[in-house]
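Chemist: Provided below: input_31.txt, containing compact mmCIF, C-alpha atoms.
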```txt
# COMPACT_ATOMS: atom_id res chain seq x y z
CA MET Z 1 81.72 40.06 85.37
CA ARG Z 2 80.73 42.04 88.42
CA PRO Z 3 78.37 40.21 90.84
CA LYS Z 4 75.65 42.83 90.39
CA ARG Z 5 75.71 42.39 86.63
CA LYS Z 6 75.73 38.63 86.95
CA GLN Z 7 72.67 38.82 89.16
CA LYS Z 8 70.90 41.04 86.63
CA LEU Z 9 71.80 38.71 83.78
CA PHE Z 10 70.37 35.70 85.65
CA MET Z 11 67.26 37.66 86.56
CA ALA Z 12 66.66 38.63 82.94
CA LEU Z 13 67.27 35.10 81.66
CA GLY Z 14 65.09 33.68 84.45
CA LEU Z 15 62.25 36.03 83.53
CA VAL Z 16 62.47 35.02 79.88
CA SER Z 17 62.59 31.29 80.72
CA LEU Z 18 59.56 31.56 83.01
CA ALA Z 19 57.60 33.41 80.33
CA ALA Z 20 58.68 30.81 77.76
CA ILE Z 21 57.49 27.96 80.00
CA ALA Z 22 54.14 29.70 80.56
CA VAL Z 23 53.60 30.26 76.84
CA GLY Z 24 54.80 26.73 76.04
CA LEU Z 25 52.36 25.12 78.46
CA THR Z 26 49.49 27.28 77.19
CA LEU Z 27 50.20 26.33 73.59
CA TYR Z 28 50.53 22.67 74.61
CA ALA Z 29 47.12 22.80 76.32
CA LEU Z 30 45.57 24.49 73.29
CA ARG Z 31 47.38 22.39 70.70
CA ALA Z 32 44.23 20.89 69.17
CA ASN Z 33 42.47 24.26 68.99
CA ILE Z 34 45.32 26.00 67.20
CA ASN Z 35 45.10 23.58 64.29
CA LEU Z 36 43.29 25.41 61.54
CA PHE Z 37 41.47 22.33 60.27
CA PHE Z 38 40.52 18.70 60.87
CA SER Z 39 42.13 16.09 58.67
CA PRO Z 40 39.88 13.41 57.10
CA ILE Z 41 41.41 10.87 59.55
CA GLN Z 42 40.14 12.91 62.50
CA ILE Z 43 36.70 13.34 60.90
CA VAL Z 44 36.32 9.62 60.15
CA ALA Z 45 37.54 8.81 63.69
CA GLY Z 46 34.67 10.95 65.03
CA ASP Z 47 36.78 13.80 66.47
CA ALA Z 48 34.88 16.49 64.55
CA PRO Z 49 31.49 17.85 65.75
CA TYR Z 50 28.37 17.43 63.60
CA GLU Z 51 26.39 20.36 62.18
CA ARG Z 52 28.68 22.99 63.61
CA GLN Z 53 31.02 25.31 61.74
CA LEU Z 54 34.35 23.54 61.20
CA ARG Z 55 37.26 23.51 58.82
CA ALA Z 56 38.54 20.41 57.10
CA GLY Z 57 41.76 20.20 55.16
CA GLY Z 58 43.43 17.80 52.79
CA MET Z 59 44.02 17.13 49.12
CA VAL Z 60 41.35 17.15 46.42
CA LYS Z 61 41.26 13.50 45.34
CA GLU Z 62 42.19 12.91 41.70
CA GLY Z 63 39.12 12.22 39.57
CA SER Z 64 36.65 13.09 42.32
CA VAL Z 65 35.40 16.51 41.16
CA ARG Z 66 31.82 16.47 39.79
CA ARG Z 67 30.47 19.78 38.53
CA ASN Z 68 26.83 20.47 37.80
CA PRO Z 69 26.90 22.03 34.30
CA ASP Z 70 23.76 24.14 34.98
CA SER Z 71 24.85 25.76 38.27
CA LEU Z 72 27.83 26.49 40.48
CA ASP Z 73 27.24 23.28 42.47
CA VAL Z 74 30.31 21.13 42.78
CA GLU Z 75 31.11 17.93 44.65
CA PHE Z 76 34.56 16.61 45.42
CA THR Z 77 36.44 14.36 47.84
CA VAL Z 78 39.03 15.64 50.32
CA THR Z 79 41.61 13.01 51.16
CA ASP Z 80 44.78 12.67 53.20
CA TYR Z 81 45.62 9.52 51.22
CA VAL Z 82 44.26 7.39 54.08
CA GLU Z 83 40.66 8.48 54.62
CA ASP Z 84 38.22 10.40 52.39
CA VAL Z 85 35.50 12.96 53.10
CA ARG Z 86 32.94 14.06 50.51
CA VAL Z 87 32.30 17.81 50.14
CA HIS Z 88 29.29 19.60 48.61
CA TYR Z 89 29.82 23.24 47.65
CA SER Z 90 27.99 25.90 45.70
CA GLY Z 91 30.00 28.95 44.71
CA ILE Z 92 33.13 30.20 43.01
CA LEU Z 93 36.29 28.17 43.60
CA PRO Z 94 39.72 29.85 43.97
CA ASP Z 95 42.06 29.85 40.95
CA LEU Z 96 44.37 27.28 42.48
CA PHE Z 97 41.58 24.76 43.04
CA ARG Z 98 42.28 21.58 41.09
CA GLU Z 99 42.58 17.85 41.60
CA GLY Z 100 45.62 17.00 43.71
CA GLN Z 101 45.66 20.50 45.25
CA GLY Z 102 45.58 21.13 49.00
CA VAL Z 103 42.36 22.81 50.18
CA VAL Z 104 40.75 24.00 53.39
CA VAL Z 105 36.95 23.65 53.43
CA VAL Z 106 34.83 25.78 55.78
CA GLY Z 107 31.43 24.25 56.45
CA GLN Z 108 29.31 21.87 58.52
CA LEU Z 109 29.75 18.13 58.83
CA GLN Z 110 26.40 16.47 58.12
CA ARG Z 111 25.11 13.31 59.80
CA ASP Z 112 25.38 11.52 56.43
CA GLY Z 113 29.16 12.01 56.60
CA TYR Z 114 29.62 14.70 53.97
CA ILE Z 115 30.58 18.33 54.51
CA LYS Z 116 28.29 21.11 53.35
CA ALA Z 117 30.83 23.83 52.53
CA ASP Z 118 30.30 27.59 52.76
CA GLN Z 119 33.79 28.44 51.56
CA VAL Z 120 36.63 26.61 49.83
CA LEU Z 121 40.19 27.92 50.23
CA ALA Z 122 43.16 26.65 48.26
CA ARG Z 123 46.35 25.77 50.07
CA HIS Z 124 49.66 26.10 48.38
CA ASP Z 125 52.69 23.97 49.13
CA GLU Z 126 56.18 25.38 49.56
CA ASN Z 127 57.35 24.28 46.11
CA TYR Z 128 57.62 26.81 43.32
CA MET Z 129 58.78 25.98 39.80
CA PRO Z 130 58.58 27.33 36.27
CA PRO Z 131 55.90 25.74 34.03
CA GLU Z 132 58.52 23.98 31.89
CA VAL Z 133 59.94 22.19 34.92
CA SER Z 134 56.53 21.00 36.06
CA GLU Z 135 55.75 19.74 32.54
CA ALA Z 136 59.04 17.87 32.44
CA LEU Z 137 58.31 16.40 35.88
CA GLU Z 138 54.89 15.26 34.75
CA ALA Z 139 56.27 13.75 31.54
CA ALA Z 140 58.74 11.76 33.64
CA GLY Z 141 55.95 10.56 35.95
CA TYR Z 142 57.27 11.91 39.25
CA SER Z 143 60.66 12.94 40.49
CA PRO Z 144 62.08 10.46 43.03
CA ALA Z 145 62.36 13.19 45.69
CA ASP Z 146 58.66 14.04 45.43
CA TYR Z 147 57.70 10.42 45.50
CA GLN Z 148 59.70 9.83 48.69
CA ALA Z 149 58.28 12.91 50.38
CA LYS Z 150 54.75 11.75 49.58
CA ALA Z 151 55.47 8.22 50.84
CA ALA Z 152 56.82 9.57 54.14
CA GLU Z 153 53.74 11.78 54.53
CA VAL Z 154 51.39 8.84 54.01
CA ALA Z 155 53.33 6.71 56.52
CA GLU Z 156 53.00 9.47 59.10
CA ARG Z 157 49.25 9.74 58.51
CA VAL Z 158 48.74 5.98 58.84
CA GLU Z 159 50.53 6.15 62.18
CA GLN Z 160 48.29 9.06 63.21
CA ARG Z 161 45.18 7.03 62.31
CA ASP Z 162 46.40 4.07 64.36
CA ARG Z 163 46.96 6.34 67.33
CA ALA Z 164 43.48 7.89 66.89
CA GLY Z 165 42.04 4.36 66.76
CA GLN Z 166 43.61 3.41 70.07
CA ASN Z 167 42.13 6.35 71.94
CA MET R 1 86.57 41.04 73.26
CA TRP R 2 86.43 43.13 76.44
CA ALA R 3 88.25 45.91 74.66
CA PHE R 4 85.52 45.88 72.01
CA ILE R 5 82.74 45.97 74.61
CA ASN R 6 84.48 48.83 76.37
CA LYS R 7 84.71 50.71 73.10
CA LEU R 8 80.96 50.22 72.65
CA ARG R 9 80.51 52.12 75.90
CA SER R 10 81.73 55.22 74.12
CA PRO R 11 79.08 56.83 71.89
CA LYS R 12 81.83 58.99 70.42
CA TRP R 13 83.70 55.94 69.14
CA PHE R 14 80.50 54.50 67.66
CA TYR R 15 79.71 57.85 66.03
CA GLY R 16 83.06 57.75 64.25
CA ILE R 17 83.07 54.12 63.14
CA SER R 18 79.44 54.22 61.93
CA ALA R 19 80.24 57.19 59.69
CA ARG R 20 82.83 55.03 57.93
CA LEU R 21 80.62 51.91 57.67
CA GLN R 22 77.39 53.59 56.65
CA PRO R 23 78.13 54.37 52.95
CA TRP R 24 79.10 50.75 52.25
CA PHE R 25 75.78 49.45 53.57
CA TRP R 26 73.78 52.10 51.70
CA ALA R 27 75.60 51.19 48.46
CA ALA R 28 75.07 47.46 49.03
CA ALA R 29 71.38 48.01 49.83
CA LEU R 30 70.82 50.11 46.70
CA ILE R 31 72.63 47.72 44.34
CA LEU R 32 71.09 44.54 45.81
CA ILE R 33 67.51 45.83 46.00
CA VAL R 34 67.56 47.31 42.48
CA THR R 35 69.13 44.12 41.04
CA GLY R 36 66.81 41.85 42.98
CA THR R 37 63.69 43.82 42.03
CA ILE R 38 64.46 43.89 38.32
CA TRP R 39 65.57 40.25 38.28
CA GLY R 40 62.65 39.04 40.36
CA LEU R 41 59.91 41.02 38.62
CA ALA R 42 61.12 40.83 35.02
CA PHE R 43 63.48 37.91 34.50
CA ALA R 44 62.66 35.18 37.02
CA PRO R 45 60.27 32.61 35.55
CA ALA R 46 56.59 32.62 36.55
CA ASP R 47 55.27 29.86 38.80
CA TYR R 48 53.56 26.84 37.19
CA GLN R 49 50.43 27.30 39.35
CA GLN R 50 50.27 30.91 40.47
CA GLY R 51 51.69 32.57 37.37
CA ASN R 52 52.95 36.07 38.04
CA SER R 53 51.29 36.62 41.43
CA PHE R 54 54.05 34.48 42.97
CA ARG R 55 56.43 37.41 42.44
CA ILE R 56 55.03 38.97 45.63
CA ILE R 57 57.44 36.55 47.33
CA TYR R 58 60.29 38.94 46.47
CA VAL R 59 58.88 41.52 48.89
CA HIS R 60 56.94 39.28 51.28
CA VAL R 61 59.76 36.95 52.36
CA PRO R 62 62.50 39.59 52.90
CA ALA R 63 60.05 41.77 54.87
CA ALA R 64 59.00 38.84 57.07
CA PHE R 65 62.66 37.87 57.67
CA LEU R 66 63.51 41.40 58.70
CA ALA R 67 60.42 41.74 60.90
CA GLN R 68 61.57 38.74 62.95
CA SER R 69 65.29 39.55 62.94
CA ILE R 70 64.68 43.10 64.15
CA PHE R 71 62.62 41.81 67.06
CA VAL R 72 65.45 39.45 68.04
CA SER R 73 67.81 42.44 67.80
CA LEU R 74 65.49 44.41 70.12
CA ALA R 75 65.65 41.57 72.66
CA VAL R 76 69.45 41.29 72.44
CA THR R 77 70.01 45.04 72.73
CA GLY R 78 67.48 45.09 75.57
CA LEU R 79 69.45 42.41 77.45
CA VAL R 80 72.75 44.20 76.81
CA PHE R 81 71.26 47.47 78.07
CA MET R 82 69.73 45.89 81.17
CA VAL R 83 72.84 43.94 82.19
CA TRP R 84 75.78 46.06 81.04
CA LYS R 85 74.08 49.50 80.88
CA ILE R 86 75.50 50.15 77.44
CA LYS R 87 73.69 53.26 76.19
CA ILE R 88 74.38 52.58 72.51
CA ALA R 89 72.33 49.38 72.77
CA ASP R 90 69.33 51.32 74.02
CA MET R 91 69.72 53.98 71.33
CA ALA R 92 69.86 51.29 68.64
CA ALA R 93 66.75 49.62 70.10
CA THR R 94 64.90 52.96 70.05
CA VAL R 95 65.55 53.51 66.35
CA MET R 96 65.08 49.87 65.24
CA ALA R 97 61.56 49.37 66.62
CA PRO R 98 59.64 51.54 64.08
CA LEU R 99 61.40 49.85 61.13
CA GLY R 100 60.53 46.45 62.57
CA ALA R 101 56.89 47.44 62.95
CA ALA R 102 56.86 48.74 59.36
CA MET R 103 58.38 45.49 58.06
CA THR R 104 55.81 43.42 59.97
CA PHE R 105 53.07 45.50 58.41
CA VAL R 106 54.59 45.04 54.93
CA ALA R 107 54.76 41.27 55.47
CA LEU R 108 51.13 41.12 56.64
CA PHE R 109 49.88 43.42 53.89
CA SER R 110 51.76 41.72 51.04
CA GLY R 111 50.60 38.37 52.43
CA ALA R 112 46.97 39.54 52.38
CA VAL R 113 47.28 40.82 48.80
CA TRP R 114 48.86 37.50 47.83
CA GLY R 115 46.24 35.47 49.69
CA VAL R 116 43.28 36.82 47.71
CA PRO R 117 44.23 35.24 44.34
CA THR R 118 45.96 32.12 45.72
CA TRP R 119 43.98 31.05 48.77
CA GLY R 120 40.71 32.79 48.09
CA THR R 121 40.85 34.87 51.27
CA TRP R 122 42.96 37.74 52.52
CA TRP R 123 42.88 36.72 56.16
CA MET R 124 42.51 33.49 58.12
CA TRP R 125 43.08 33.02 61.84
CA ASP R 126 45.69 30.33 61.35
CA ALA R 127 48.74 30.02 63.61
CA ARG R 128 51.21 31.73 61.25
CA LEU R 129 49.06 34.75 60.43
CA THR R 130 47.88 35.22 64.01
CA SER R 131 51.38 34.98 65.53
CA MET R 132 52.59 37.52 62.96
CA LEU R 133 49.76 39.89 63.95
CA ILE R 134 50.82 39.45 67.60
CA LEU R 135 54.35 40.45 66.54
CA LEU R 136 52.95 43.70 65.13
CA PHE R 137 51.18 44.39 68.43
CA LEU R 138 54.39 43.61 70.36
CA TYR R 139 56.24 46.17 68.23
CA LEU R 140 53.52 48.75 68.84
CA GLY R 141 53.72 47.93 72.57
CA VAL R 142 57.49 48.45 72.63
CA ILE R 143 57.15 51.78 70.79
CA ALA R 144 54.28 52.91 73.05
CA LEU R 145 56.16 52.00 76.24
CA ARG R 146 59.01 54.26 75.21
CA GLY R 147 56.60 57.17 75.01
CA ALA R 148 54.70 56.31 78.18
CA PHE R 149 57.30 57.22 80.82
CA ALA R 150 58.53 60.62 81.88
CA SER R 151 61.98 59.26 82.71
CA ARG R 152 63.95 57.86 79.81
CA ASP R 153 65.61 55.21 81.97
CA SER R 154 62.29 53.70 83.12
CA ALA R 155 60.98 53.80 79.54
CA SER R 156 64.09 52.01 78.25
CA ARG R 157 63.88 49.35 80.92
CA ALA R 158 60.18 48.70 80.32
CA ALA R 159 60.69 48.46 76.55
CA SER R 160 63.68 46.13 77.05
CA VAL R 161 61.69 43.77 79.27
CA LEU R 162 58.79 43.63 76.79
CA ALA R 163 61.22 42.91 73.95
CA MET R 164 62.98 40.17 75.93
CA VAL R 165 59.73 38.46 76.92
CA GLY R 166 58.11 39.02 73.50
CA VAL R 167 60.97 37.29 71.69
CA ILE R 168 59.29 33.99 72.67
CA ASN R 169 56.88 34.74 69.84
CA ILE R 170 59.67 34.43 67.25
CA PRO R 171 60.17 30.62 67.42
CA ILE R 172 56.37 30.31 67.51
CA ILE R 173 56.13 32.25 64.22
CA LYS R 174 58.95 30.23 62.68
CA TYR R 175 57.66 26.78 63.64
CA SER R 176 53.90 27.50 63.54
CA VAL R 177 53.66 25.98 60.06
CA ASP R 178 55.37 22.77 61.24
CA TRP R 179 53.66 22.38 64.63
CA TRP R 180 50.07 22.94 63.54
CA TYR R 181 47.87 22.60 60.48
CA THR R 182 47.87 26.06 58.93
CA LEU R 183 46.65 27.66 55.72
CA HIS R 184 50.13 29.10 55.24
CA GLN R 185 52.55 26.67 53.64
CA PRO R 186 55.90 25.68 55.22
CA ALA R 187 59.02 27.72 54.49
CA THR R 188 60.33 27.76 50.92
CA PHE R 189 63.43 29.84 51.43
CA THR R 190 66.01 28.38 53.75
CA VAL R 191 69.65 29.34 54.04
CA THR R 192 70.56 25.79 55.03
CA GLY R 193 69.19 22.76 53.27
CA ARG R 194 67.56 22.35 49.88
CA ALA R 195 65.40 25.27 48.77
CA ALA R 196 61.99 24.29 47.40
CA MET R 197 62.49 26.37 44.28
CA PRO R 198 64.94 26.28 41.35
CA MET R 199 68.07 28.43 41.29
CA GLU R 200 66.69 31.03 38.84
CA MET R 201 63.87 31.83 41.30
CA TRP R 202 65.93 31.41 44.47
CA LEU R 203 68.88 33.64 43.55
CA PRO R 204 66.90 36.89 43.10
CA LEU R 205 65.14 36.11 46.39
CA LEU R 206 68.50 35.70 48.13
CA ILE R 207 69.62 39.03 46.64
CA MET R 208 66.46 40.74 47.90
CA VAL R 209 66.91 39.28 51.39
CA LEU R 210 70.54 40.48 51.55
CA GLY R 211 69.45 43.88 50.17
CA PHE R 212 66.78 44.27 52.86
CA TYR R 213 69.30 43.39 55.58
CA SER R 214 71.82 45.92 54.19
CA PHE R 215 69.09 48.55 54.15
CA PHE R 216 68.22 47.73 57.77
CA ILE R 217 71.86 48.02 58.90
CA ALA R 218 72.45 51.26 56.97
CA LEU R 219 69.25 52.87 58.28
CA THR R 220 69.97 51.75 61.85
CA LEU R 221 73.52 53.19 61.72
CA MET R 222 72.20 56.47 60.36
CA ARG R 223 69.37 56.81 62.86
CA THR R 224 71.54 55.72 65.80
CA ARG R 225 73.95 58.54 64.90
CA SER R 226 71.17 61.12 65.12
CA GLU R 227 69.98 59.52 68.36
CA ILE R 228 73.53 59.85 69.78
CA LEU R 229 73.60 63.56 68.91
CA ARG R 230 70.16 64.06 70.45
CA ARG R 231 70.98 62.32 73.73
CA GLU R 232 74.57 63.54 74.08
CA SER R 233 73.86 67.11 72.99
CA ASN R 234 75.24 68.52 76.25
CA LYS R 235 78.54 66.56 76.01
CA ARG R 236 81.65 68.49 75.04
CA TRP R 237 82.58 66.44 71.94
CA VAL R 238 79.12 66.99 70.47
CA ARG R 239 79.29 70.74 71.13
CA GLU R 240 82.73 70.87 69.54
CA LEU R 241 81.34 68.99 66.55
CA ALA R 242 78.55 71.54 66.21
CA GLU R 243 80.97 74.43 66.44
CA GLU R 244 83.17 72.90 63.76
CA ALA R 245 80.16 72.63 61.49
CA ASN R 246 79.32 76.32 61.92
```
Render the structure in this file as structure tokens.
Modeler:
Amino acid sequence: MRPKRKQKLFMALGLVSLAAIAVGLTLYALRANINLFFSPIQIVAGDAPYERQLRAGGMVKEGSVRRNPDSLDVEFTVTDYVEDVRVHYSGILPDLFREGQGVVVVGQLQRDGYIKADQVLARHDENYMPPEVSEALEAAGYSPADYQAKAAEVAERVEQRDRAGQN
Amino acid sequence: MWAFINKLRSPKWFYGISARLQPWFWAAALILIVTGTIWGLAFAPADYQQGNSFRIIYVHVPAAFLAQSIFVSLAVTGLVFMVWKIKIADMAATVMAPLGAAMTFVALFSGAVWGVPTWGTWWMWDARLTSMLILLFLYLGVIALRGAFASRDSASRAASVLAMVGVINIPIIKYSVDWWYTLHQPATFTVTGRAAMPMEMWLPLLIMVLGFYSFFIALTLMRTRSEILRRESNKRWVRELAEEAN
């Protein structure tokens, strides 16, 4: 390679590395703000502000949904399998909303510890399957792979709570 | 290796070889996209939660793949042009950018249409969606820079630098769903590792992805050929070509 070309190559790569470092440091500084939502662990640990617009995310706890039969009011618990947060909402829920489903709740955290939600969004996980497969899975309890994935997730969250507790 | 690079220096050589390659990629694109569309829309099973709306994946994922791959291609061709002054690389970058912008738009639009029934919103400022929107603006920036200079060489260099610096956004898009809490779920379709969907859903998706890539290669070959003729119109071999055609 001719020296002039080599110099140009290093200049181009140097420029890209410098830009990458700048962006990396910016993202590192903003890491908490880029998260779309607070997890129940963070809310229980007191990281979330009161009575200001925030988003909370987690799973809808099994057996926690209470609907008012006369109105659109609904109450449910968002959990990350370690901590729980109660949510009050009045409005239409997305089609994918159900117990055990991931959700993102937009609303205000009240002093009493529940969230008054303005909007409930359903999250979807990366798994897709035909209805027959999901029925078979349910009939068999759980597939071992799913069970392991869930166990690993819970372990990670417990660790996160312990770290939040130390701070 | 060096012989190949030296051949790439000759637009005439590229003009000849691309004419021979082009029909194969067009044929592959046509067959794969038609097969994948019919299979994905009519024969693949519906999802247990989303029902039929999940079929948007057969457009959304290939478009998003291509949007990111084309930007990486822009960065690589930009580097090759800046360091080795290979004109073909710059011509390819010129014709690839609009397709990349279009694919980014398709990914964003199909994602929004999909988000309304599944998430309950068509837009959310989460890390994945926002970084993808930034990619669209980067594409528009690259295209605009090419038009903003009187001299073609300055325009090419400016566009190459923006592409090379902007490529940092690509790993951010890819890992945004793992690094941060996002509304968008982690990747389903991976080439390596276990896919999070059964074979009868995954195979048509693979076919669509391959079809989109074939389409991209075929279109880039075709448009680079016209770009060669445009830029080399005063060269003798191009004039001879035109005279033969008359």
Chemist: Within 8 Å of Trp123 (chain R), counting only C-alpha atoms, which residues qualify if same-chain residues fewer than 5 places away don't, as a PyMOL selection string?
Modeler: chain R and resi 112+115+129
Chemist: What is the CA of Trp24 (chain R)-CA of Ala97 (chain R) distance in Å, reported with one decimal?
Modeler: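 Separation between CA of Trp24 (chain R) and CA of Ala97 (chain R): 22.7 Å.
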Chemist: Using all atoms listed in the file, can you tell me which of R:Ala102, R:Ile88, R:Ala75, R:Leu66 comes closest to chain Z?
Modeler: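 Ranking R:Ala102, R:Ile88, R:Ala75, R:Leu66 by distance to chain Z, first place goes to R:Ala75.
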Chemist: Provide as a VMD selection string the residues of chain R at most 9 Å from chain Z, counting all atoms listed in the file.
Modeler: chain R and resid 44 to 51 54 79 to 80 82 to 84 116 to 121 124 to 127 161 164 to 169 179 to 189 195 to 198 201
Chemist: Measuring between only C-alpha atoms, which one of R:Phe105, R:Phe43, R:Tyr15, R:Trp2 shows the shortest distance to Leu229 (chain R)?
Modeler: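 For Leu229 (chain R), the nearest of the candidates is R:Tyr15.
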Chemist: In the coordinates of the file, take the point (71.3, 53.5, 52.4) and a cut-off of 9 Å; then, counting all atoms listed in the file, name each qualifying protein, DNA or RNA residue as a PyMOL selection string.
Modeler: chain R and resi 22-30+214-219+222
Chemist: Would you please work out which residue, of Z:Leu72, Z:Ala22, Z:Val105, Z:Leu30, is nearest to Met59 (chain Z) when using only C-alpha atoms?
Modeler: Z:Val105
Chemist: Step by step: start from the point (79.1, 69.2, 68.3) in the file's coordinates, keep every protein, DNA or RNA residue that has an atom no farther than 12 Å from it, count only C-alpha atoms, and write the set as a tab-separated table (two decimals) with C-alpha atoms, in the frame of the given file.
Modeler:
```tsv
chain	number	residue	atom	x	y	z
R	12	LYS	CA	81.83	58.99	70.42
R	15	TYR	CA	79.71	57.85	66.03
R	226	SER	CA	71.17	61.12	65.12
R	228	ILE	CA	73.53	59.85	69.78
R	229	LEU	CA	73.60	63.56	68.91
R	230	ARG	CA	70.16	64.06	70.45
R	231	ARG	CA	70.98	62.32	73.73
R	232	GLU	CA	74.57	63.54	74.08
R	233	SER	CA	73.86	67.11	72.99
R	234	ASN	CA	75.24	68.52	76.25
R	235	LYS	CA	78.54	66.56	76.01
R	236	ARG	CA	81.65	68.49	75.04
R	237	TRP	CA	82.58	66.44	71.94
R	238	VAL	CA	79.12	66.99	70.47
R	239	ARG	CA	79.29	70.74	71.13
R	240	GLU	CA	82.73	70.87	69.54
R	241	LEU	CA	81.34	68.99	66.55
R	242	ALA	CA	78.55	71.54	66.21
R	243	GLU	CA	80.97	74.43	66.44
R	244	GLU	CA	83.17	72.90	63.76
R	245	ALA	CA	80.16	72.63	61.49
R	246	ASN	CA	79.32	76.32	61.92
```
Chemist: Between CA of Ser151 (chain R) and CA of Ile134 (chain R), what distance in Å does the model show, to one decimal?
Modeler: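 Between CA of Ser151 (chain R) and CA of Ile134 (chain R) the gap is 27.3 Å.
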Chemist: What does the distance from CA of Leu21 (chain R) to CA of Arg223 (chain R) come to in Å, to one decimal?
Modeler: 13.3 Å
Chemist: Pick from Z:Tyr50, Z:Arg163, Z:Asp118, Z:Arg67: nearest to Val106 (chain Z), with all atoms listed in the file counted?
Modeler: Z:Asp118
Chemist: Put the listed atoms of region 54-60 of chain Z in a box along x, y and z with 3 Å added on every side and give me the centre and edge lengths in Å to one decimal, as AutoDock Vina command-line options.
Modeler:
```
--center_x 39.2 --center_y 20.3 --center_z 53.8 --size_x 15.7 --size_y 12.4 --size_z 20.8
```
Chemist: So that I can check the surroundings of region 204-207 of chain R, please list as a JSON list (two decimals) with C-alpha atoms, in the coordinates of the input every protein, DNA and RNA residue that reaches within 9 Å of it, counting only C-alpha atoms and ignoring chain neighbours fewer than 4 positions away.
Modeler:
```
[["chain", "number", "residue", "atom", "x", "y", "z"],
["R", 32, "LEU", "CA", 71.09, 44.54, 45.81],
["R", 33, "ILE", "CA", 67.51, 45.83, 46.00],
["R", 35, "THR", "CA", 69.13, 44.12, 41.04],
["R", 36, "GLY", "CA", 66.81, 41.85, 42.98],
["R", 37, "THR", "CA", 63.69, 43.82, 42.03],
["R", 38, "ILE", "CA", 64.46, 43.89, 38.32],
["R", 39, "TRP", "CA", 65.57, 40.25, 38.28],
["R", 40, "GLY", "CA", 62.65, 39.04, 40.36],
["R", 44, "ALA", "CA", 62.66, 35.18, 37.02],
["R", 57, "ILE", "CA", 57.44, 36.55, 47.33],
["R", 58, "TYR", "CA", 60.29, 38.94, 46.47],
["R", 59, "VAL", "CA", 58.88, 41.52, 48.89],
["R", 61, "VAL", "CA", 59.76, 36.95, 52.36],
["R", 62, "PRO", "CA", 62.50, 39.59, 52.90],
["R", 189, "PHE", "CA", 63.43, 29.84, 51.43],
["R", 191, "VAL", "CA", 69.65, 29.34, 54.04],
["R", 199, "MET", "CA", 68.07, 28.43, 41.29],
["R", 200, "GLU", "CA", 66.69, 31.03, 38.84],
["R", 211, "GLY", "CA", 69.45, 43.88, 50.17],
["R", 212, "PHE", "CA", 66.78, 44.27, 52.86]]
```
